[in-house]
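Quick look at final_36.cif (mmCIF, C-alpha atoms and all ligand atoms):
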data_coords
loop_
_atom_site.group_PDB
_atom_site.id
_atom_site.type_symbol
_atom_site.label_atom_id
_atom_site.label_comp_id
_atom_site.auth_asym_id
_atom_site.auth_seq_id
_atom_site.Cartn_x
_atom_site.Cartn_y
_atom_site.Cartn_z
ATOM 1 C CA MET T 18 -36.956 161.372 -50.213
ATOM 2 C CA PHE T 19 -35.217 163.549 -52.801
ATOM 3 C CA ASP T 20 -35.479 163.502 -56.586
ATOM 4 C CA LEU T 21 -32.152 164.918 -57.749
ATOM 5 C CA HIS T 22 -32.776 165.143 -61.484
ATOM 6 C CA VAL T 23 -35.660 167.348 -62.643
ATOM 7 C CA HIS T 24 -36.186 169.469 -65.757
ATOM 8 C CA THR T 25 -38.516 172.462 -66.113
ATOM 9 C CA THR T 26 -39.683 174.831 -68.843
ATOM 10 C CA ALA T 27 -36.337 176.615 -68.399
ATOM 11 C CA SER T 28 -34.992 173.847 -70.661
ATOM 12 C CA ASP T 29 -37.047 171.100 -72.310
ATOM 13 C CA GLY T 30 -39.459 170.210 -69.502
ATOM 14 C CA THR T 31 -43.179 170.875 -69.878
ATOM 15 C CA ARG T 32 -43.798 172.041 -66.283
ATOM 16 C CA THR T 33 -42.712 175.404 -64.863
ATOM 17 C CA PRO T 34 -40.346 175.377 -61.880
ATOM 18 C CA ALA T 35 -43.245 176.352 -59.580
ATOM 19 C CA GLU T 36 -45.444 173.552 -60.975
ATOM 20 C CA VAL T 37 -42.706 170.963 -60.486
ATOM 21 C CA VAL T 38 -42.225 172.023 -56.873
ATOM 22 C CA ALA T 39 -45.977 171.877 -56.241
ATOM 23 C CA GLU T 40 -46.049 168.368 -57.731
ATOM 24 C CA ALA T 41 -43.175 167.317 -55.485
ATOM 25 C CA ALA T 42 -45.099 168.604 -52.463
ATOM 26 C CA ALA T 43 -48.205 166.673 -53.547
ATOM 27 C CA LEU T 44 -46.100 163.500 -53.854
ATOM 28 C CA GLY T 45 -44.685 164.035 -50.369
ATOM 29 C CA LEU T 46 -41.084 164.440 -51.532
ATOM 30 C CA SER T 47 -38.753 166.230 -49.096
ATOM 31 C CA GLY T 48 -36.937 167.928 -51.913
ATOM 32 C CA LEU T 49 -35.711 168.011 -55.481
ATOM 33 C CA ALA T 50 -32.862 169.347 -57.558
ATOM 34 C CA VAL T 51 -33.651 171.514 -60.573
ATOM 35 C CA THR T 52 -31.188 170.325 -63.229
ATOM 36 C CA ASP T 53 -32.071 171.999 -66.500
ATOM 37 C CA HIS T 54 -29.925 171.514 -69.585
ATOM 38 C CA ASP T 55 -27.267 174.219 -69.820
ATOM 39 C CA THR T 56 -29.242 176.818 -67.843
ATOM 40 C CA VAL T 57 -29.868 177.851 -64.229
ATOM 41 C CA GLU T 58 -32.867 180.052 -65.027
ATOM 42 C CA GLY T 59 -35.313 177.680 -63.332
ATOM 43 C CA VAL T 60 -33.431 177.685 -60.034
ATOM 44 C CA ALA T 61 -34.568 181.005 -58.503
ATOM 45 C CA PRO T 62 -38.305 180.474 -59.199
ATOM 46 C CA ALA T 63 -38.026 176.906 -57.884
ATOM 47 C CA LEU T 64 -36.345 178.118 -54.699
ATOM 48 C CA SER T 65 -39.147 180.575 -53.970
ATOM 49 C CA ALA T 66 -41.810 177.970 -54.729
ATOM 50 C CA GLY T 67 -39.894 175.585 -52.471
ATOM 51 C CA LYS T 68 -40.194 178.039 -49.565
ATOM 52 C CA ALA T 69 -43.941 178.336 -50.127
ATOM 53 C CA TRP T 70 -44.482 174.566 -50.348
ATOM 54 C CA GLY T 71 -41.949 173.406 -47.763
ATOM 55 C CA VAL T 72 -39.945 171.534 -50.400
ATOM 56 C CA GLU T 73 -36.155 171.732 -50.258
ATOM 57 C CA VAL T 74 -34.763 172.855 -53.624
ATOM 58 C CA VAL T 75 -31.154 172.087 -54.529
ATOM 59 C CA PRO T 76 -29.736 174.491 -57.143
ATOM 60 C CA GLY T 77 -28.461 172.384 -60.008
ATOM 61 C CA ILE T 78 -27.725 172.072 -63.688
ATOM 62 C CA GLU T 79 -27.155 169.369 -66.315
ATOM 63 C CA ILE T 80 -24.478 170.266 -68.838
ATOM 64 C CA ASN T 81 -24.593 168.381 -72.144
ATOM 65 C CA THR T 82 -21.108 167.462 -73.290
ATOM 66 C CA GLU T 83 -19.530 165.194 -75.847
ATOM 67 C CA ASP T 84 -16.598 162.823 -75.855
ATOM 68 C CA ARG T 85 -15.552 161.356 -79.231
ATOM 69 C CA GLY T 86 -19.071 161.522 -80.628
ATOM 70 C CA ILE T 87 -20.732 160.133 -77.496
ATOM 71 C CA GLU T 88 -23.091 162.374 -75.570
ATOM 72 C CA ILE T 89 -22.244 162.651 -71.874
ATOM 73 C CA HIS T 90 -24.260 164.664 -69.367
ATOM 74 C CA ILE T 91 -22.728 166.183 -66.265
ATOM 75 C CA LEU T 92 -24.974 167.166 -63.370
ATOM 76 C CA GLY T 93 -23.939 169.891 -60.934
ATOM 77 C CA TYR T 94 -25.359 170.287 -57.423
ATOM 78 C CA PHE T 95 -25.315 173.220 -54.987
ATOM 79 C CA ILE T 96 -23.843 175.451 -57.663
ATOM 80 C CA ASP T 97 -23.614 179.190 -57.154
ATOM 81 C CA PHE T 98 -26.224 180.011 -59.770
ATOM 82 C CA GLY T 99 -25.164 183.674 -59.856
ATOM 83 C CA SER T 100 -21.534 182.798 -60.669
ATOM 84 C CA GLU T 101 -20.311 185.113 -63.423
ATOM 85 C CA ILE T 102 -18.074 182.584 -65.137
ATOM 86 C CA LEU T 103 -20.893 180.032 -65.136
ATOM 87 C CA LEU T 104 -23.423 182.467 -66.620
ATOM 88 C CA GLU T 105 -20.949 183.635 -69.249
ATOM 89 C CA ARG T 106 -20.166 180.067 -70.381
ATOM 90 C CA LEU T 107 -23.849 179.157 -70.424
ATOM 91 C CA ALA T 108 -24.640 182.207 -72.569
ATOM 92 C CA PHE T 109 -22.116 180.905 -75.086
ATOM 93 C CA LEU T 110 -23.883 177.528 -75.204
ATOM 94 C CA ARG T 111 -27.260 179.245 -75.557
ATOM 95 C CA ARG T 112 -26.122 181.275 -78.562
ATOM 96 C CA ALA T 113 -24.805 178.057 -80.109
ATOM 97 C CA ARG T 114 -28.156 176.351 -79.500
ATOM 98 C CA HIS T 115 -30.072 179.165 -81.222
ATOM 99 C CA ALA T 116 -27.742 179.004 -84.226
ATOM 100 C CA ARG T 117 -28.156 175.240 -84.388
ATOM 101 C CA MET T 118 -31.956 175.460 -84.285
ATOM 102 C CA ALA T 119 -31.979 178.029 -87.107
ATOM 103 C CA ARG T 120 -29.876 175.647 -89.183
ATOM 104 C CA MET T 121 -32.182 172.661 -88.476
ATOM 105 C CA VAL T 122 -35.235 174.701 -89.478
ATOM 106 C CA GLU T 123 -33.468 175.702 -92.680
ATOM 107 C CA LEU T 124 -32.703 172.045 -93.523
ATOM 108 C CA LEU T 125 -36.345 171.113 -92.903
ATOM 109 C CA ARG T 126 -37.573 173.909 -95.169
ATOM 110 C CA ARG T 127 -35.312 172.637 -97.933
ATOM 111 C CA LEU T 128 -37.071 169.284 -97.515
ATOM 112 C CA GLY T 129 -40.409 171.046 -98.019
ATOM 113 C CA VAL T 130 -41.340 171.090 -94.326
ATOM 114 C CA ARG T 131 -42.423 174.693 -93.838
ATOM 115 C CA VAL T 132 -41.829 175.058 -90.120
ATOM 116 C CA SER T 133 -40.441 178.424 -88.960
ATOM 117 C CA LEU T 134 -37.990 179.402 -86.253
ATOM 118 C CA GLU T 135 -40.800 181.490 -84.715
ATOM 119 C CA ASP T 136 -42.952 178.332 -84.422
ATOM 120 C CA VAL T 137 -40.179 176.600 -82.496
ATOM 121 C CA LEU T 138 -39.467 179.592 -80.260
ATOM 122 C CA ALA T 139 -43.184 179.830 -79.453
ATOM 123 C CA VAL T 140 -43.124 176.201 -78.284
ATOM 124 C CA ALA T 141 -39.912 176.751 -76.320
ATOM 125 C CA GLY T 142 -41.412 179.728 -74.448
ATOM 126 C CA ASN T 143 -38.695 180.940 -72.065
ATOM 127 C CA GLY T 144 -36.648 177.817 -72.654
ATOM 128 C CA VAL T 145 -33.624 177.476 -74.885
ATOM 129 C CA PRO T 146 -34.820 175.912 -78.169
ATOM 130 C CA ALA T 147 -33.972 172.212 -78.351
ATOM 131 C CA ARG T 148 -34.973 169.284 -80.557
ATOM 132 C CA PRO T 149 -38.037 168.318 -78.448
ATOM 133 C CA HIS T 150 -39.440 171.825 -79.060
ATOM 134 C CA LEU T 151 -38.887 171.444 -82.783
ATOM 135 C CA ALA T 152 -40.540 168.011 -82.656
ATOM 136 C CA ARG T 153 -43.587 169.520 -80.925
ATOM 137 C CA ALA T 154 -43.751 172.305 -83.529
ATOM 138 C CA LEU T 155 -43.692 169.669 -86.290
ATOM 139 C CA VAL T 156 -46.584 167.797 -84.660
ATOM 140 C CA ALA T 157 -48.541 171.041 -84.173
ATOM 141 C CA GLY T 158 -48.019 171.940 -87.843
ATOM 142 C CA GLY T 159 -49.301 168.540 -88.944
ATOM 143 C CA TRP T 160 -45.970 167.589 -90.554
ATOM 144 C CA VAL T 161 -45.648 164.422 -88.484
ATOM 145 C CA ALA T 162 -48.099 162.411 -86.399
ATOM 146 C CA SER T 163 -45.971 162.229 -83.256
ATOM 147 C CA GLU T 164 -42.780 163.509 -81.660
ATOM 148 C CA GLU T 165 -41.291 160.007 -82.127
ATOM 149 C CA GLU T 166 -41.899 160.287 -85.839
ATOM 150 C CA ALA T 167 -40.302 163.749 -85.899
ATOM 151 C CA PHE T 168 -37.132 162.306 -84.367
ATOM 152 C CA GLU T 169 -37.117 159.169 -86.510
ATOM 153 C CA ARG T 170 -37.714 160.953 -89.782
ATOM 154 C CA TYR T 171 -35.800 164.181 -89.317
ATOM 155 C CA LEU T 172 -34.123 164.959 -86.010
ATOM 156 C CA ASN T 173 -32.104 161.981 -84.788
ATOM 157 C CA GLN T 174 -28.405 161.809 -85.478
ATOM 158 C CA GLY T 175 -28.014 160.561 -89.059
ATOM 159 C CA ARG T 176 -31.419 161.920 -90.151
ATOM 160 C CA PRO T 177 -31.617 164.740 -92.738
ATOM 161 C CA ALA T 178 -32.341 167.692 -90.403
ATOM 162 C CA TYR T 179 -29.866 166.721 -87.696
ATOM 163 C CA VAL T 180 -27.194 169.278 -86.881
ATOM 164 C CA PRO T 181 -24.473 168.551 -84.314
ATOM 165 C CA ARG T 182 -24.130 170.996 -81.461
ATOM 166 C CA ALA T 183 -21.168 172.921 -80.063
ATOM 167 C CA LYS T 184 -20.389 171.164 -76.815
ATOM 168 C CA TYR T 185 -17.909 171.110 -74.003
ATOM 169 C CA ALA T 186 -15.810 168.070 -73.215
ATOM 170 C CA PRO T 187 -17.068 166.206 -70.112
ATOM 171 C CA ALA T 188 -14.016 167.163 -68.028
ATOM 172 C CA GLU T 189 -14.501 170.846 -68.957
ATOM 173 C CA ALA T 190 -18.058 170.710 -67.617
ATOM 174 C CA VAL T 191 -16.846 169.053 -64.408
ATOM 175 C CA ALA T 192 -14.263 171.824 -63.989
ATOM 176 C CA LEU T 193 -16.841 174.538 -64.716
ATOM 177 C CA ILE T 194 -19.216 173.165 -62.080
ATOM 178 C CA LYS T 195 -16.340 173.026 -59.567
ATOM 179 C CA GLU T 196 -15.493 176.623 -60.420
ATOM 180 C CA ALA T 197 -19.117 177.592 -59.743
ATOM 181 C CA GLY T 198 -18.850 175.985 -56.291
ATOM 182 C CA GLY T 199 -20.851 172.886 -57.166
ATOM 183 C CA ALA T 200 -20.511 169.114 -56.852
ATOM 184 C CA PRO T 201 -20.230 167.507 -60.330
ATOM 185 C CA VAL T 202 -21.882 164.135 -60.980
ATOM 186 C CA LEU T 203 -21.862 161.909 -64.063
ATOM 187 C CA ALA T 204 -25.522 161.633 -65.186
ATOM 188 C CA HIS T 205 -27.239 158.321 -66.035
ATOM 189 C CA ALA T 206 -23.855 156.623 -66.179
ATOM 190 C CA GLY T 207 -25.441 153.314 -67.154
ATOM 191 C CA LEU T 208 -26.753 154.788 -70.412
ATOM 192 C CA VAL T 209 -23.361 155.905 -71.761
ATOM 193 C CA PRO T 210 -22.523 153.526 -74.642
ATOM 194 C CA GLY T 211 -19.306 151.727 -73.743
ATOM 195 C CA GLY T 212 -19.134 153.590 -70.418
ATOM 196 C CA ALA T 213 -17.647 157.035 -69.869
ATOM 197 C CA ALA T 214 -13.880 157.477 -69.565
ATOM 198 C CA LEU T 215 -13.703 158.240 -65.848
ATOM 199 C CA GLY T 216 -10.010 159.169 -65.536
ATOM 200 C CA PRO T 217 -10.218 162.745 -66.846
ATOM 201 C CA LEU T 218 -13.462 163.333 -64.932
ATOM 202 C CA LEU T 219 -11.937 162.159 -61.652
ATOM 203 C CA ARG T 220 -8.903 164.368 -62.210
ATOM 204 C CA ALA T 221 -11.211 167.345 -62.881
ATOM 205 C CA GLY T 222 -12.989 166.764 -59.551
ATOM 206 C CA LEU T 223 -15.968 164.467 -60.188
ATOM 207 C CA CYS T 224 -17.885 163.862 -56.920
ATOM 208 C CA GLY T 225 -20.577 161.394 -57.872
ATOM 209 C CA ILE T 226 -22.213 158.957 -60.257
ATOM 210 C CA GLU T 227 -25.927 158.886 -60.944
ATOM 211 C CA ALA T 228 -26.865 155.263 -60.244
ATOM 212 C CA TYR T 229 -30.618 155.464 -59.675
ATOM 213 C CA HIS T 230 -32.345 156.531 -62.887
ATOM 214 C CA PRO T 231 -35.490 155.234 -64.627
ATOM 215 C CA GLY T 232 -33.440 154.420 -67.744
ATOM 216 C CA HIS T 233 -31.236 151.987 -65.777
ATOM 217 C CA ASP T 234 -32.178 148.354 -65.467
ATOM 218 C CA PRO T 235 -31.201 146.630 -62.179
ATOM 219 C CA GLY T 236 -27.872 145.533 -63.678
ATOM 220 C CA ALA T 237 -26.972 149.077 -64.738
ATOM 221 C CA THR T 238 -27.937 150.432 -61.328
ATOM 222 C CA GLU T 239 -25.718 147.893 -59.595
ATOM 223 C CA PHE T 240 -22.847 148.587 -61.998
ATOM 224 C CA CYS T 241 -23.051 152.338 -61.296
ATOM 225 C CA ARG T 242 -23.376 151.830 -57.559
ATOM 226 C CA ARG T 243 -20.213 149.685 -57.500
ATOM 227 C CA LEU T 244 -18.368 152.116 -59.749
ATOM 228 C CA ALA T 245 -19.172 154.922 -57.301
ATOM 229 C CA GLU T 246 -18.062 152.806 -54.363
ATOM 230 C CA ARG T 247 -14.794 151.829 -56.014
ATOM 231 C CA HIS T 248 -13.853 155.462 -56.604
ATOM 232 C CA GLY T 249 -15.178 156.853 -53.333
ATOM 233 C CA LEU T 250 -17.909 158.786 -55.151
ATOM 234 C CA VAL T 251 -21.493 159.523 -54.112
ATOM 235 C CA ALA T 252 -24.131 157.347 -55.804
ATOM 236 C CA THR T 253 -26.936 159.760 -56.670
ATOM 237 C CA GLY T 254 -30.350 159.365 -58.277
ATOM 238 C CA GLY T 255 -33.286 161.123 -59.837
ATOM 239 C CA SER T 256 -36.182 160.691 -62.243
ATOM 240 C CA ASP T 257 -34.984 162.919 -65.125
ATOM 241 C CA TYR T 258 -38.561 164.198 -65.033
ATOM 242 C CA HIS T 259 -39.478 166.313 -68.058
ATOM 243 C CA GLY T 260 -43.203 166.672 -67.334
ATOM 244 C CA PRO T 261 -46.241 164.948 -68.823
ATOM 245 C CA GLY T 262 -46.026 164.504 -72.570
ATOM 246 C CA HIS T 263 -42.298 163.816 -72.639
ATOM 247 C CA ARG T 264 -41.213 160.904 -74.809
ATOM 248 C CA ILE T 265 -39.597 158.947 -71.971
ATOM 249 C CA TYR T 266 -39.304 160.514 -68.529
ATOM 250 C CA ARG T 267 -42.676 161.712 -67.270
ATOM 251 C CA ARG T 268 -42.897 160.500 -63.675
ATOM 252 C CA LEU T 269 -41.571 162.765 -60.937
ATOM 253 C CA GLY T 270 -40.071 160.707 -58.107
ATOM 254 C CA ALA T 271 -39.490 157.669 -60.368
ATOM 255 C CA ALA T 272 -36.012 157.493 -58.799
ATOM 256 C CA VAL T 273 -35.190 159.004 -55.418
ATOM 257 C CA VAL T 274 -32.412 159.047 -52.840
ATOM 258 C CA GLY T 275 -32.258 159.707 -49.111
ATOM 259 C CA ARG T 276 -31.197 162.875 -47.333
ATOM 260 C CA GLU T 277 -27.700 161.476 -46.640
ATOM 261 C CA VAL T 278 -26.926 161.690 -50.369
ATOM 262 C CA VAL T 279 -27.964 165.343 -50.422
ATOM 263 C CA GLU T 280 -25.830 166.087 -47.370
ATOM 264 C CA ARG T 281 -22.777 164.373 -48.877
ATOM 265 C CA LEU T 282 -23.173 166.453 -52.040
ATOM 266 C CA ARG T 283 -23.608 169.607 -49.980
ATOM 267 C CA SER T 284 -20.380 168.939 -48.113
ATOM 268 C CA LEU T 285 -18.483 168.080 -51.311
ATOM 269 C CA ALA T 286 -19.602 171.293 -53.035
ATOM 270 C CA ARG T 287 -17.475 174.379 -52.425
ATOM 271 C CA ARG T 288 -14.328 172.368 -51.777
HETATM 272 ZN ZN ZN S 1 -29.240 163.671 -69.320
HETATM 273 ZN ZN ZN S 2 -31.780 165.135 -67.568
#
So that I can check it, write out the structure of this file as structure tokens.
Ligand SMILES: [Zn+2]
Ligand SMILES: [Zn+2]
Amino acid sequence: MFDLHVHTTASDGTRTPAEVVAEAAALGLSGLAVTDHDTVEGVAPALSAGKAWGVEVVPGIEINTEDRGIEIHILGYFIDFGSEILLERLAFLRRARHARMARMVELLRRLGVRVSLEDVLAVAGNGVPARPHLARALVAGGWVASEEEAFERYLNQGRPAYVPRAKYAPAEAVALIKEAGGAPVLAHAGLVPGGAALGPLLRAGLCGIEAYHPGHDPGATEFCRRLAERHGLVATGGSDYHGPGHRIYRRLGAAVVGREVVERLRSLARR
């Protein structure tokens, strides 16, 4: 079986790409897709670990986008992770993420929470700084008792240290993944409030809908599966694993799909 949605320390996961691959091998998974937020830096190390462990690694990404205030994530499979246009666009998002984190730290300091950007970057390691890193830095500094509290008091949308992020529109991310030779898939489609507007995504070349995801209840899974069927799209799945210690998704292999799904994505990529 294949887990097609896995994060590593290249974004906000707590396991390195090599550790994730070793875990997949221990679980007996045939393969996994590394789908870090807005970066492909985990792909190359995962591929080499995959060779060592006999685990098939699918190069992937998860691009965070926004449509009228609603967050929409677009997964990309079998992307050319050396693509110049892809790397250039991702560098833009990374710079925006750093600027956003600096602003959030500044807002916290005005509230008397003396966390520093260096603290957050130390937690993020090689990863691009994101809110979970800031939450961990707040726990480590004794400012809050838990990461949940950090989000509830300061970091969630509507809370005093929240700063919106520069994002692409969902259809732009679909087009970018196509341009990088990949197969774009709408992530955890059952968790999009009100459902995503599919029309523009289909026109931009959407290939699949993530139906199997630990955040989906059976009704959401069935809804996504039917949606995929109706539009001739691949129904994909994965655990959204972020490593132990993550607030929600900490079980690798919590959602898996068969090899036929991987092969359909492979054939749809590069078209
Ligand atoms: Zn996501
Ligand atoms: Zn994810």
Cut-off 8 Å: closest chain T/ligand ZN 2 (chain S) atom pairs per residue, using all atoms listed in the file, as JSON lines:
{"residue": "T:His22", "atom": "CA", "partner": "S:ZN2", "partner_atom": "ZN", "distance": 6.2}
{"residue": "T:Val23", "atom": "CA", "partner": "S:ZN2", "partner_atom": "ZN", "distance": 6.6}
{"residue": "T:His24", "atom": "CA", "partner": "S:ZN2", "partner_atom": "ZN", "distance": 6.4}
{"residue": "T:Thr52", "atom": "CA", "partner": "S:ZN2", "partner_atom": "ZN", "distance": 6.8}
{"residue": "T:Asp53", "atom": "CA", "partner": "S:ZN2", "partner_atom": "ZN", "distance": 7.0}
{"residue": "T:His54", "atom": "CA", "partner": "S:ZN2", "partner_atom": "ZN", "distance": 6.9}
{"residue": "T:Glu79", "atom": "CA", "partner": "S:ZN2", "partner_atom": "ZN", "distance": 6.4}
{"residue": "T:His90", "atom": "CA", "partner": "S:ZN2", "partner_atom": "ZN", "distance": 7.7}
{"residue": "T:Ala204", "atom": "CA", "partner": "S:ZN2", "partner_atom": "ZN", "distance": 7.6}
{"residue": "T:Asp257", "atom": "CA", "partner": "S:ZN2", "partner_atom": "ZN", "distance": 4.6}
{"residue": "T:Tyr258", "atom": "CA", "partner": "S:ZN2", "partner_atom": "ZN", "distance": 7.3}
{"residue": "T:His259", "atom": "CA", "partner": "S:ZN2", "partner_atom": "ZN", "distance": 7.8}
Inset, instruction - Name every residue that the PyMOL selection byres (((chain T and resi 221-234) around 6) and not hetatm) selects in this structure, writing the answer as an MDAnalysis selection string with chains first and numbers rising. - result: chainID T and resid 188 192 200:205 218:220 235:238 241:242 245 250:256 272
Inset, instruction - May I ask for the distance between atom CA of Tyr171 of chain T and atom CA of Arg85 of chain T, given in Å to one decimal place? - result: 22.8 Å
Legend entry - Reference answer for the PyMOL selection byres (((chain T and resi 97) around 6) and not hetatm), as number ranges by chain: T: 96, 98-100, 197-198
Mind dumping the selected residues with C-alpha atoms as a PDB file, keeping the file's coordinate frame?
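Contents of the output file again-v9.pdb:
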ATOM      1  CA  ILE T  96     -23.843 175.451 -57.663  1.00  0.00           C
ATOM      2  CA  PHE T  98     -26.224 180.011 -59.770  1.00  0.00           C
ATOM      3  CA  GLY T  99     -25.164 183.674 -59.856  1.00  0.00           C
ATOM      4  CA  SER T 100     -21.534 182.798 -60.669  1.00  0.00           C
ATOM      5  CA  ALA T 197     -19.117 177.592 -59.743  1.00  0.00           C
ATOM      6  CA  GLY T 198     -18.850 175.985 -56.291  1.00  0.00           C
TER       7      GLY T 198
END
Inset, instruction - Record the distance separating atom CA of Glu105 of chain T and atom CA of Ala63 of chain T, expressed in Å with one decimal. - result: 21.6 Å
Inset, instruction - Kindly give the distance, in Å, that separates atom CA of Glu164 of chain T and atom CA of Thr25 of chain T, rounded to a single decimal. - result: 18.4 Å
